[in-house]
Amino acid sequence: MTTKANVTSVKNALKEQIQVQQVAAQTDTSFQGVLTKQLQHQFKAIQSLVPKHVTPERLCRIGINAASRNPQLMNCTPETIVGAIVNCATLGLEPNLLGHAYIVPFYNNKTGKMEAQFQVGYKGALDLIRRTGAVSTLSAHEVYGPRSIFWTQYFY
């Protein structure tokens, strides 16, 4: 009888511990917890948007990692960070990795809050151009010096 009582008490203790962990996860008010919860709510949308070469789970992990690495992004509203991650999903670019895309904090004067914005990096732009299949060769290089001002004014 004592063995059965011990097994039952251990099972009950494990159930209670799992319930406490679930409640703690639901009431996680840290920035990362709020961001994770918002991404969970938007996961179906992200899943429907991502191209075949990007997994939605990886994109969410990278987005959370990008937000935790930049202290200024923690001042931004979580909704704007999730919006930037959704933009990454739409284009199939990974944020803050290898220069493809960036999630950048900006201060919005109209709302008086910090907001995260999605910006395509030059490597991401090159990747998008290559994916079209309409370009046979593509080269990118830095532009500097006195002629660069002329060329940028001439071509734009």
# chains A, B, ... in the order shown; residues from 1 in each chain; ligands from 1
>>> closest_atom_pairs(of="stretch 30-64 of chain A", to="stretch 75-82 of chain A", cutoff="10 Å", atoms="only C-alpha atoms", output="CSV")
residue,atom,partner,partner_atom,distance
A:Phe31,CA,A:Pro78,CA,7.9
A:Gln32,CA,A:Pro78,CA,9.0
A:Val34,CA,A:Pro78,CA,7.2
A:Leu35,CA,A:Pro78,CA,5.6
A:Thr36,CA,A:Pro78,CA,9.2
A:Lys37,CA,A:Pro78,CA,9.7
A:Gln38,CA,A:Val82,CA,7.1
A:Leu39,CA,A:Val82,CA,6.4
A:Gln42,CA,A:Val82,CA,8.0
A:Ile46,CA,A:Val82,CA,9.7
A:Cys60,CA,A:Val82,CA,8.9
A:Gly63,CA,A:Ile81,CA,8.1
A:Ile64,CA,A:Ile81,CA,8.9
>>> residues_around(residues="A:Val50", least_positions_apart="2", cutoff="10 Å", atoms="only C-alpha atoms", output="list in words")
Ala45, Ile46, Gln47, Ser48, Lys52, His53, Val54, Thr55, Pro56, Leu59, Val86, Asn87, Cys88, Ala89, Thr90, Leu91, Gly92 and Leu93 of chain A
>>> write_last_selection(atoms="N, CA, C and O atoms", output="mmCIF file, in the first residue's frame")
data_model
loop_
_atom_site.group_PDB
_atom_site.id
_atom_site.type_symbol
_atom_site.label_atom_id
_atom_site.label_comp_id
_atom_site.auth_asym_id
_atom_site.auth_seq_id
_atom_site.Cartn_x
_atom_site.Cartn_y
_atom_site.Cartn_z
ATOM 1 N N ALA A 45 -0.769 33.147 -38.948
ATOM 2 C CA ALA A 45 -0.560 34.113 -40.033
ATOM 3 C C ALA A 45 0.872 34.019 -40.558
ATOM 4 O O ALA A 45 1.094 34.032 -41.774
ATOM 5 N N ILE A 46 1.829 33.916 -39.641
ATOM 6 C CA ILE A 46 3.226 33.794 -40.053
ATOM 7 C C ILE A 46 3.428 32.507 -40.833
ATOM 8 O O ILE A 46 4.110 32.486 -41.855
ATOM 9 N N GLN A 47 2.809 31.444 -40.370
ATOM 10 C CA GLN A 47 2.942 30.148 -41.023
ATOM 11 C C GLN A 47 2.390 30.186 -42.449
ATOM 12 O O GLN A 47 2.946 29.576 -43.355
ATOM 13 N N SER A 48 1.317 30.931 -42.657
ATOM 14 C CA SER A 48 0.729 31.004 -43.995
ATOM 15 C C SER A 48 1.522 31.926 -44.921
ATOM 16 O O SER A 48 1.402 31.821 -46.134
ATOM 17 N N LYS A 52 8.757 28.521 -48.749
ATOM 18 C CA LYS A 52 9.152 27.153 -48.437
ATOM 19 C C LYS A 52 10.524 27.052 -47.765
ATOM 20 O O LYS A 52 10.756 26.155 -46.973
ATOM 21 N N HIS A 53 11.427 27.972 -48.077
ATOM 22 C CA HIS A 53 12.783 27.859 -47.549
ATOM 23 C C HIS A 53 12.927 28.407 -46.127
ATOM 24 O O HIS A 53 14.001 28.341 -45.553
ATOM 25 N N VAL A 54 11.859 28.932 -45.532
ATOM 26 C CA VAL A 54 11.916 29.478 -44.172
ATOM 27 C C VAL A 54 10.870 28.771 -43.317
ATOM 28 O O VAL A 54 9.721 28.647 -43.725
ATOM 29 N N THR A 55 11.260 28.322 -42.139
ATOM 30 C CA THR A 55 10.280 27.722 -41.233
ATOM 31 C C THR A 55 9.774 28.801 -40.274
ATOM 32 O O THR A 55 10.560 29.637 -39.811
ATOM 33 N N PRO A 56 8.488 28.805 -39.966
ATOM 34 C CA PRO A 56 7.947 29.836 -39.077
ATOM 35 C C PRO A 56 8.523 29.762 -37.662
ATOM 36 O O PRO A 56 8.698 30.793 -37.019
ATOM 37 N N LEU A 59 11.900 31.477 -37.724
ATOM 38 C CA LEU A 59 11.719 32.916 -37.881
ATOM 39 C C LEU A 59 11.303 33.560 -36.557
ATOM 40 O O LEU A 59 11.814 34.619 -36.186
ATOM 41 N N VAL A 86 6.501 39.706 -39.093
ATOM 42 C CA VAL A 86 5.555 39.304 -40.148
ATOM 43 C C VAL A 86 6.044 39.811 -41.503
ATOM 44 O O VAL A 86 5.943 39.110 -42.518
ATOM 45 N N ASN A 87 6.595 41.030 -41.551
ATOM 46 C CA ASN A 87 7.164 41.540 -42.800
ATOM 47 C C ASN A 87 8.331 40.673 -43.262
ATOM 48 O O ASN A 87 8.478 40.409 -44.458
ATOM 49 N N CYS A 88 9.158 40.225 -42.321
ATOM 50 C CA CYS A 88 10.247 39.312 -42.656
ATOM 51 C C CYS A 88 9.698 38.014 -43.243
ATOM 52 O O CYS A 88 10.238 37.475 -44.210
ATOM 53 N N ALA A 89 8.620 37.530 -42.649
ATOM 54 C CA ALA A 89 8.006 36.299 -43.136
ATOM 55 C C ALA A 89 7.473 36.480 -44.555
ATOM 56 O O ALA A 89 7.590 35.578 -45.391
ATOM 57 N N THR A 90 6.886 37.624 -44.828
ATOM 58 C CA THR A 90 6.325 37.886 -46.148
ATOM 59 C C THR A 90 7.396 37.819 -47.223
ATOM 60 O O THR A 90 7.172 37.247 -48.296
ATOM 61 N N LEU A 91 8.560 38.386 -46.943
ATOM 62 C CA LEU A 91 9.632 38.398 -47.940
ATOM 63 C C LEU A 91 10.563 37.201 -47.850
ATOM 64 O O LEU A 91 11.412 37.003 -48.712
ATOM 65 N N GLY A 92 10.437 36.409 -46.787
ATOM 66 C CA GLY A 92 11.300 35.237 -46.631
ATOM 67 C C GLY A 92 12.711 35.604 -46.224
ATOM 68 O O GLY A 92 13.663 34.910 -46.567
ATOM 69 N N LEU A 93 12.860 36.704 -45.491
ATOM 70 C CA LEU A 93 14.166 37.147 -45.016
ATOM 71 C C LEU A 93 14.257 36.960 -43.509
ATOM 72 O O LEU A 93 13.271 37.134 -42.810
#
>>> residues_around(residues="A:Ala125", least_positions_apart="2", cutoff="12 Å", atoms="only C-alpha atoms", output="PyMOL selection string")
chain A and resi 91-93+99-102+119-123+127-132+138-140
>>> closest_residue(among="A:Thr137, A:Met114, A:Ile62, A:Ala84", to="A:Leu98", atoms="only C-alpha atoms")
A:Ile62
>>> atom_distance(atom1="atom CA of A:Lys44", atom2="atom CA of A:Glu57")
10.8 Å
